[in-house]
file coords04.cif (mmCIF, C-alpha atoms)
data_target
#
loop_
_atom_site.label_atom_id
_atom_site.label_comp_id
_atom_site.auth_asym_id
_atom_site.auth_seq_id
_atom_site.Cartn_x
_atom_site.Cartn_y
_atom_site.Cartn_z
CA MET M 1217 -11.60 63.88 2.34
CA SER M 1218 -8.73 65.96 3.66
CA GLY M 1219 -5.87 66.95 1.38
CA LYS M 1220 -3.56 67.94 4.24
CA LEU M 1221 -0.47 65.76 4.32
CA LYS M 1222 0.29 64.42 7.78
CA LEU M 1223 3.69 62.77 7.26
CA ASP M 1224 7.18 64.02 6.45
CA VAL M 1225 8.21 62.47 3.12
CA LYS M 1226 11.77 63.75 3.60
CA LYS M 1227 12.15 61.06 6.26
CA THR M 1228 11.64 57.32 5.94
CA CYS M 1229 7.95 56.51 5.53
CA PHE M 1230 6.17 53.18 5.85
CA PHE M 1231 3.63 52.69 3.07
CA PHE M 1232 1.01 49.97 3.56
CA PHE M 1233 -0.71 48.63 0.44
CA ASP M 1234 -3.84 46.59 -0.03
CA TYR M 1235 -3.23 44.05 -2.78
CA ASP M 1236 -6.31 43.10 -4.82
CA GLY M 1237 -7.84 46.09 -6.56
CA THR M 1238 -5.07 48.39 -5.35
CA VAL M 1239 -1.61 47.12 -6.30
CA ARG M 1240 -2.91 44.26 -8.40
CA ILE M 1241 -5.45 45.37 -11.02
CA GLY M 1242 -7.30 42.57 -12.79
CA ASN M 1243 -4.80 39.80 -13.44
CA GLU M 1244 -1.56 41.72 -13.08
CA ILE M 1245 0.41 44.42 -11.34
CA PRO M 1246 0.46 47.22 -13.93
CA GLU M 1247 3.95 48.40 -14.83
CA VAL M 1248 3.06 51.96 -13.83
CA ASN M 1249 2.26 50.75 -10.29
CA ARG M 1250 5.38 48.59 -10.15
CA ALA M 1251 7.62 51.46 -11.26
CA ALA M 1252 6.08 53.82 -8.70
CA LEU M 1253 6.59 51.32 -5.89
CA LEU M 1254 10.21 50.69 -6.81
CA ASN M 1255 10.85 54.43 -7.08
CA ALA M 1256 9.45 55.00 -3.58
CA GLN M 1257 11.63 52.22 -2.24
CA ALA M 1258 14.70 53.65 -3.98
CA LEU M 1259 14.03 56.93 -2.17
CA GLY M 1260 14.37 55.09 1.14
CA HIS M 1261 10.74 54.40 1.98
CA LYS M 1262 9.47 51.01 3.16
CA LEU M 1263 6.88 49.03 1.21
CA ILE M 1264 4.55 46.82 3.25
CA LEU M 1265 2.01 44.59 1.53
CA CYS M 1266 -1.09 44.57 3.74
CA THR M 1267 -3.40 42.07 2.08
CA GLY M 1268 -6.63 40.59 3.30
CA ARG M 1269 -5.44 37.26 1.91
CA ALA M 1270 -4.11 34.64 4.26
CA GLN M 1271 -0.67 33.20 3.52
CA GLY M 1272 -2.22 30.28 1.65
CA GLY M 1273 -4.20 32.65 -0.56
CA LEU M 1274 -1.24 34.89 -1.30
CA ALA M 1275 0.89 31.88 -2.20
CA ARG M 1276 -1.53 31.15 -5.05
CA ASP M 1277 -0.56 34.45 -6.64
CA LYS M 1278 2.96 34.96 -7.96
CA TYR M 1279 2.62 38.56 -9.16
CA HIS M 1280 3.38 39.99 -5.74
CA LEU M 1281 6.85 38.42 -5.92
CA SER M 1282 7.84 40.98 -8.56
CA ILE M 1283 7.95 43.62 -5.81
CA PRO M 1284 10.74 43.35 -3.18
CA TRP M 1285 8.40 44.04 -0.26
CA ASP M 1286 10.10 45.14 2.94
CA GLY M 1287 7.28 43.54 4.90
CA ILE M 1288 4.05 41.59 4.45
CA ILE M 1289 0.89 41.45 6.56
CA CYS M 1290 -1.42 38.56 5.64
CA GLY M 1291 -5.05 38.59 6.68
CA GLY M 1292 -4.25 40.93 9.56
CA ALA M 1293 -2.88 37.91 11.42
CA ASP M 1294 0.62 37.08 10.16
CA LEU M 1295 3.16 39.91 10.25
CA PHE M 1296 6.57 39.76 8.57
CA TYR M 1297 9.34 42.32 8.22
CA GLU M 1298 12.61 41.78 6.38
CA GLY M 1299 11.97 38.03 6.36
CA LYS M 1300 11.34 37.81 10.11
CA CYS M 1301 7.97 36.74 11.53
CA LEU M 1302 6.78 39.35 14.04
CA ARG M 1303 3.44 37.76 14.92
CA THR M 1304 1.22 34.91 13.83
CA GLN M 1305 -2.34 34.28 14.98
CA THR M 1306 -4.85 31.64 13.94
CA VAL M 1307 -8.53 30.98 14.51
CA GLU M 1308 -9.46 28.85 17.50
CA LYS M 1309 -10.85 25.38 16.79
CA ALA M 1310 -14.17 26.15 18.50
CA ASP M 1311 -14.68 29.26 16.35
CA ALA M 1312 -13.81 27.37 13.18
CA LEU M 1313 -16.38 24.67 13.96
CA THR M 1314 -19.00 27.29 14.84
CA TRP M 1315 -18.59 29.18 11.57
CA VAL M 1316 -18.54 26.11 9.35
CA GLY M 1317 -21.73 25.02 11.10
CA PHE M 1318 -23.23 28.42 10.31
CA GLY M 1319 -22.21 28.05 6.66
CA MET M 1320 -23.94 24.68 6.50
CA ARG M 1321 -27.15 26.00 8.04
CA GLN M 1322 -27.29 29.00 5.73
CA ARG M 1323 -26.01 26.96 2.77
CA CYS M 1324 -23.51 29.60 1.70
CA ARG M 1325 -20.08 28.95 0.22
CA THR M 1326 -17.56 28.92 3.06
CA ILE M 1327 -13.86 29.39 2.38
CA PHE M 1328 -11.19 28.54 4.93
CA GLU M 1329 -8.11 30.68 4.31
CA GLY M 1330 -5.16 28.97 5.93
CA GLN M 1331 -1.45 29.49 6.33
CA ARG M 1332 -0.74 26.74 3.82
CA GLU M 1333 -3.73 26.63 1.49
CA ILE M 1334 -7.34 27.62 0.84
CA VAL M 1335 -10.13 25.09 1.39
CA CYS M 1336 -13.60 25.68 -0.07
CA PHE M 1337 -16.86 24.19 1.15
CA ASP M 1338 -19.54 24.62 -1.52
CA PHE M 1339 -22.49 24.50 0.85
CA ASP M 1340 -24.45 26.67 -1.59
CA GLN M 1341 -24.57 23.69 -3.96
CA HIS M 1342 -26.32 21.50 -1.40
CA PRO M 1343 -30.05 21.56 -2.27
CA GLU M 1344 -31.38 20.42 1.11
CA ALA M 1345 -30.54 20.68 4.78
CA PHE M 1346 -27.55 18.60 5.84
CA THR M 1347 -28.20 15.33 7.62
CA MET M 1348 -26.59 14.62 10.97
CA LYS M 1349 -24.20 12.21 9.28
CA GLU M 1350 -23.19 14.79 6.69
CA ARG M 1351 -22.65 17.42 9.38
CA PHE M 1352 -20.52 15.03 11.41
CA GLU M 1353 -18.32 14.19 8.40
CA ILE M 1354 -17.82 17.86 7.52
CA LEU M 1355 -16.91 18.82 11.08
CA ARG M 1356 -14.50 15.89 11.26
CA ARG M 1357 -12.89 17.11 8.05
CA VAL M 1358 -12.53 20.61 9.51
CA GLU M 1359 -10.75 19.21 12.55
CA GLU M 1360 -8.32 17.37 10.25
CA ILE M 1361 -7.70 20.53 8.21
CA LEU M 1362 -6.85 22.52 11.32
CA LYS M 1363 -4.10 20.06 12.26
CA THR M 1364 -2.00 20.83 9.18
CA ASN M 1365 -3.40 24.09 7.84
CA PRO M 1366 -3.99 26.65 10.63
CA ILE M 1367 -6.80 28.98 9.61
CA THR M 1368 -6.41 32.75 9.58
CA LYS M 1369 -9.85 33.80 8.34
CA PHE M 1370 -13.08 32.73 6.64
CA THR M 1371 -14.95 34.13 3.69
CA LEU M 1372 -18.67 33.39 3.43
CA SER M 1373 -20.71 34.14 0.32
CA CYS M 1374 -24.09 35.88 0.27
CA VAL M 1375 -24.24 36.74 3.96
CA TYR M 1376 -25.73 40.13 4.75
CA PRO M 1377 -25.84 41.50 8.30
CA GLN M 1378 -29.42 42.73 7.95
CA GLN M 1379 -30.60 39.31 6.81
CA LYS M 1380 -28.68 36.79 8.87
CA LYS M 1381 -28.15 36.38 12.59
CA LEU M 1382 -24.43 35.72 12.84
CA PRO M 1383 -22.83 33.39 15.40
CA ARG M 1384 -21.73 34.89 18.71
CA THR M 1385 -18.00 34.24 18.70
CA GLN M 1386 -14.89 36.27 19.38
CA MET M 1387 -14.59 37.09 15.70
CA HIS M 1388 -14.75 40.27 13.66
CA CYS M 1389 -16.77 40.62 10.44
CA VAL M 1390 -16.34 42.91 7.44
CA PHE M 1391 -19.38 43.06 5.18
CA HIS M 1392 -19.11 43.41 1.42
CA PRO M 1393 -21.97 43.51 -1.12
CA THR M 1394 -21.84 39.76 -1.87
CA TYR M 1395 -19.68 38.20 0.84
CA THR M 1396 -18.50 38.54 4.43
CA GLU M 1397 -14.96 38.24 5.75
CA VAL M 1398 -14.56 36.77 9.24
CA PHE M 1399 -11.35 36.89 11.27
CA SER M 1400 -10.16 36.92 14.87
CA LYS M 1401 -10.59 40.04 16.97
CA GLY M 1402 -7.48 42.17 16.75
CA CYS M 1403 -6.67 40.90 13.27
CA ASP M 1404 -8.18 43.64 11.15
CA LYS M 1405 -5.76 45.62 9.00
CA GLY M 1406 -5.77 48.61 11.34
CA ALA M 1407 -4.91 46.58 14.43
CA ALA M 1408 -2.22 44.73 12.46
CA ILE M 1409 -0.58 47.95 11.29
CA LYS M 1410 -0.68 49.41 14.79
CA LEU M 1411 0.99 46.30 16.25
CA PHE M 1412 3.49 46.18 13.38
CA CYS M 1413 4.56 49.76 14.12
CA GLU M 1414 4.71 49.19 17.88
CA LEU M 1415 6.98 46.17 17.45
CA LEU M 1416 9.34 48.06 15.14
CA GLY M 1417 9.19 51.41 16.92
CA VAL M 1418 7.72 53.16 13.89
CA PRO M 1419 5.64 56.31 14.57
CA LEU M 1420 2.20 56.11 12.98
CA SER M 1421 2.68 59.71 11.88
CA GLN M 1422 5.16 58.37 9.31
CA CYS M 1423 2.72 55.83 7.87
CA ALA M 1424 0.42 56.01 4.87
CA CYS M 1425 -1.99 53.40 3.55
CA PHE M 1426 -3.48 52.64 0.14
CA GLY M 1427 -6.75 50.73 -0.32
CA ASP M 1428 -10.00 50.34 -2.22
CA SER M 1429 -12.59 48.46 -0.14
CA MET M 1430 -14.23 48.21 3.27
CA ASN M 1431 -11.72 45.73 4.64
CA ASP M 1432 -9.23 48.61 4.27
CA TYR M 1433 -11.33 50.96 6.41
CA ALA M 1434 -9.62 49.94 9.65
CA MET M 1435 -6.16 50.81 8.34
CA PHE M 1436 -7.44 54.21 7.14
CA GLN M 1437 -8.60 54.82 10.70
CA VAL M 1438 -5.11 54.05 12.06
CA CYS M 1439 -2.89 55.69 9.44
CA PRO M 1440 -2.97 59.51 9.53
CA THR M 1441 -2.48 59.53 5.76
CA GLY M 1442 -4.71 57.38 3.55
CA ILE M 1443 -4.98 57.20 -0.24
CA CYS M 1444 -8.06 55.47 -1.64
CA MET M 1445 -8.41 54.16 -5.16
CA LYS M 1446 -10.85 55.39 -7.78
CA ASN M 1447 -14.41 54.14 -7.19
CA SER M 1448 -13.76 53.21 -3.56
CA PRO M 1449 -16.77 53.01 -1.18
CA ALA M 1450 -18.03 56.41 -0.05
CA ALA M 1451 -17.19 55.59 3.58
CA LEU M 1452 -13.54 55.09 2.62
CA GLU M 1453 -13.42 58.29 0.57
CA GLU M 1454 -14.78 60.26 3.50
CA ILE M 1455 -11.80 59.46 5.73
CA ALA M 1456 -9.14 59.39 3.00
CA THR M 1457 -6.50 62.09 2.75
CA TYR M 1458 -6.47 61.76 -1.03
CA CYS M 1459 -8.77 60.03 -3.51
CA ALA M 1460 -7.16 58.85 -6.74
CA LYS M 1461 -8.82 59.86 -9.98
CA ALA M 1462 -6.93 57.58 -12.36
CA GLU M 1463 -7.20 53.81 -12.75
CA TYR M 1464 -3.73 53.27 -11.33
CA GLY M 1465 -4.23 54.89 -7.95
CA VAL M 1466 -1.04 53.53 -6.40
CA ALA M 1467 1.11 55.38 -8.91
CA GLU M 1468 -1.03 58.50 -8.67
CA GLY M 1469 -1.10 58.44 -4.87
CA LEU M 1470 2.65 57.94 -4.54
CA GLU M 1471 3.32 60.77 -6.97
CA TRP M 1472 1.00 63.02 -4.94
CA LEU M 1473 2.69 62.03 -1.69
CA LEU M 1474 6.29 62.27 -2.80
CA SER M 1475 5.90 65.57 -4.60
CA ARG M 1476 4.52 67.30 -1.49
CA GLU M 1477 6.68 69.57 0.62
#
call {"tool": "encode", "arguments": {"input": "coords04.cif", "output": "structure tokens"}}
result
Amino acid sequence: MSGKLKLDVKKTCFFFFDYDGTVRIGNEIPEVNRAALLNAQALGHKLILCTGRAQGGLARDKYHLSIPWDGIICGGADLFYEGKCLRTQTVEKADALTWVGFGMRQRCRTIFEGQREIVCFDFDQHPEAFTMKERFEILRRVEEILKTNPITKFTLSCVYPQQKKLPRTQMHCVFHPTYTEVFSKGCDKGAAIKLFCELLGVPLSQCACFGDSMNDYAMFQVCPTGICMKNSPAALEEIATYCAKAEYGVAEGLEWLLSRE
């Protein structure tokens, strides 16, 4: 961890925030986090929600609406700023069919996170191998889903890289202790932030990110200033500029940033 601040807080900064476990703690956005965010915005800084959730997943949660975000990045794929869509990217049909087939073979819960809604396939509840007829019906259903609910990413339960041979597709995986996130190449949080800044002409030197898990690692690699939450993975703490010590790391991190000369 390096405590050296790399951005000029006297100028407009772009702050990128992970949502679950960072801004949103448990079932709410704590008032101390909300107040800190609004204070930073009042000082002229820009607040960008950079969530791993796809649009359909974020729509399920209304708490984020209590913050007047200047921009939102969903699942690393869909980028919005001041109500304007900067980029949208969805998973190719062939990749979607490949990964749902993998989920069936491994019998792990497979979640399709789309732009409109989330669709869950509880393959882990299927006691035996799928028959050809069952596989055909599931793949047909996936094709129907893709017509009206473009998919941004997948989440598969109980898939560990050292235990499973993953499909060879143009997809990127982030491994967590009990699940794996799968999304298109170029759609990790780091790549999304880099593109976001390029499109808006924002220097990365004026960006800071806040996160708590391994799907935030890519944005910590891109942003010169990174604040990780308490009890973050060791790998994230190692590259963070500041590690929060309190439960509400967003408030603590913003106070640390904005009080620096």
call {"tool": "closest_residue", "arguments": {"input": "coords04.cif", "among": "M:Gly1299, M:Pro1383, M:Pro1366, M:Gly1287", "to": "M:Gly1319", "atoms": "all atoms listed in the file"}}
result
M:Pro1383
call {"tool": "residues_around", "arguments": {"input": "coords04.cif", "residues": "M:Gln1305", "least_positions_apart": "6", "cutoff": "12 Å", "atoms": "all atoms listed in the file", "output": "PyMOL selection string"}}
result
chain M and resi 1270-1271+1289-1295+1330-1331+1366-1369+1399-1404+1408
call {"tool": "resolve_selection", "arguments": {"input": "coords04.cif", "expression": "the PyMOL selection byres ((chain M and resi 1430-1444) around 6)", "output": "compact mmCIF listing (two decimals) with C-alpha atoms, keeping the file's coordinate frame"}}
result
# COMPACT_ATOMS: atom_id res chain seq x y z
CA LYS M 1222 0.29 64.42 7.78
CA LYS M 1405 -5.76 45.62 9.00
CA GLY M 1406 -5.77 48.61 11.34
CA CYS M 1423 2.72 55.83 7.87
CA ALA M 1424 0.42 56.01 4.87
CA CYS M 1425 -1.99 53.40 3.55
CA PHE M 1426 -3.48 52.64 0.14
CA GLY M 1427 -6.75 50.73 -0.32
CA ASP M 1428 -10.00 50.34 -2.22
CA SER M 1429 -12.59 48.46 -0.14
CA MET M 1445 -8.41 54.16 -5.16
CA ALA M 1456 -9.14 59.39 3.00
CA THR M 1457 -6.50 62.09 2.75
CA TYR M 1458 -6.47 61.76 -1.03
CA CYS M 1459 -8.77 60.03 -3.51
call {"tool": "residues_around", "arguments": {"input": "coords04.cif", "residues": "M:Phe1232", "least_positions_apart": "5", "cutoff": "6 Å", "atoms": "only C-alpha atoms", "output": "VMD selection string"}}
result
chain M and resid 1264 to 1266 1425
call {"tool": "atom_distance", "arguments": {"input": "coords04.cif", "atom1": "atom CA of M:Leu1470", "atom2": "atom CA of M:Gly1242"}}
result
20.1 Å
call {"tool": "closest_residue", "arguments": {"input": "coords04.cif", "among": "M:Ile1327, M:Ile1361, M:Ile1354, M:Ala1462", "to": "M:Thr1396", "atoms": "only C-alpha atoms"}}
result
M:Ile1327
call {"tool": "residues_near_point", "arguments": {"input": "coords04.cif", "point": "(-9.8, 20.5, 10.9)", "cutoff": "12 Å", "atoms": "all atoms listed in the file", "output": "list in words"}}
result
Val1307, Glu1308, Lys1309, Ala1310, Asp1311, Ala1312, Leu1313, Val1316, Phe1328, Gly1330, Val1335, Glu1353, Ile1354, Leu1355, Arg1356, Arg1357, Val1358, Glu1359, Glu1360, Ile1361, Leu1362, Lys1363, Thr1364, Asn1365, Pro1366 and Ile1367 of chain M
call {"tool": "resolve_selection", "arguments": {"input": "coords04.cif", "expression": "the PyMOL selection byres ((chain M and resi 1418) around 12)", "output": "list of chain:residue names"}}
result
M:Lys1227, M:Thr1228, M:Cys1229, M:Phe1230, M:Phe1231, M:Lys1262, M:Ile1409, M:Lys1410, M:Leu1411, M:Phe1412, M:Cys1413, M:Glu1414, M:Leu1415, M:Leu1416, M:Gly1417, M:Pro1419, M:Leu1420, M:Ser1421, M:Gln1422, M:Cys1423, M:Ala1424, M:Cys1439
call {"tool": "residues_near_point", "arguments": {"input": "coords04.cif", "point": "(3.6, 52.9, -9.4)", "cutoff": "9 Å", "atoms": "only C-alpha atoms", "output": "PyMOL selection string"}}
result
chain M and resi 1239+1246-1256+1464-1471
call {"tool": "atom_distance", "arguments": {"input": "coords04.cif", "atom1": "atom CA of M:Glu1350", "atom2": "atom CA of M:Phe1370"}}
result
20.6 Å
call {"tool": "resolve_selection", "arguments": {"input": "coords04.cif", "expression": "the PyMOL selection byres ((chain M and resi 1346) around 12)", "output": "list of chain:residue names"}}
result
M:Gly1317, M:Phe1318, M:Gly1319, M:Met1320, M:Arg1321, M:Gln1322, M:Arg1323, M:Phe1339, M:Asp1340, M:Gln1341, M:His1342, M:Pro1343, M:Glu1344, M:Ala1345, M:Thr1347, M:Met1348, M:Lys1349, M:Glu1350, M:Arg1351, M:Phe1352, M:Glu1353, M:Ile1354, M:Leu1355
call {"tool": "atom_distance", "arguments": {"input": "coords04.cif", "atom1": "atom CA of M:Lys1278", "atom2": "atom CA of M:Asp1236"}}
result
12.7 Å
call {"tool": "closest_residue", "arguments": {"input": "coords04.cif", "among": "M:Glu1397, M:Gly1237, M:Leu1223, M:Lys1300", "to": "M:Asn1447", "atoms": "all atoms listed in the file"}}
result
M:Gly1237
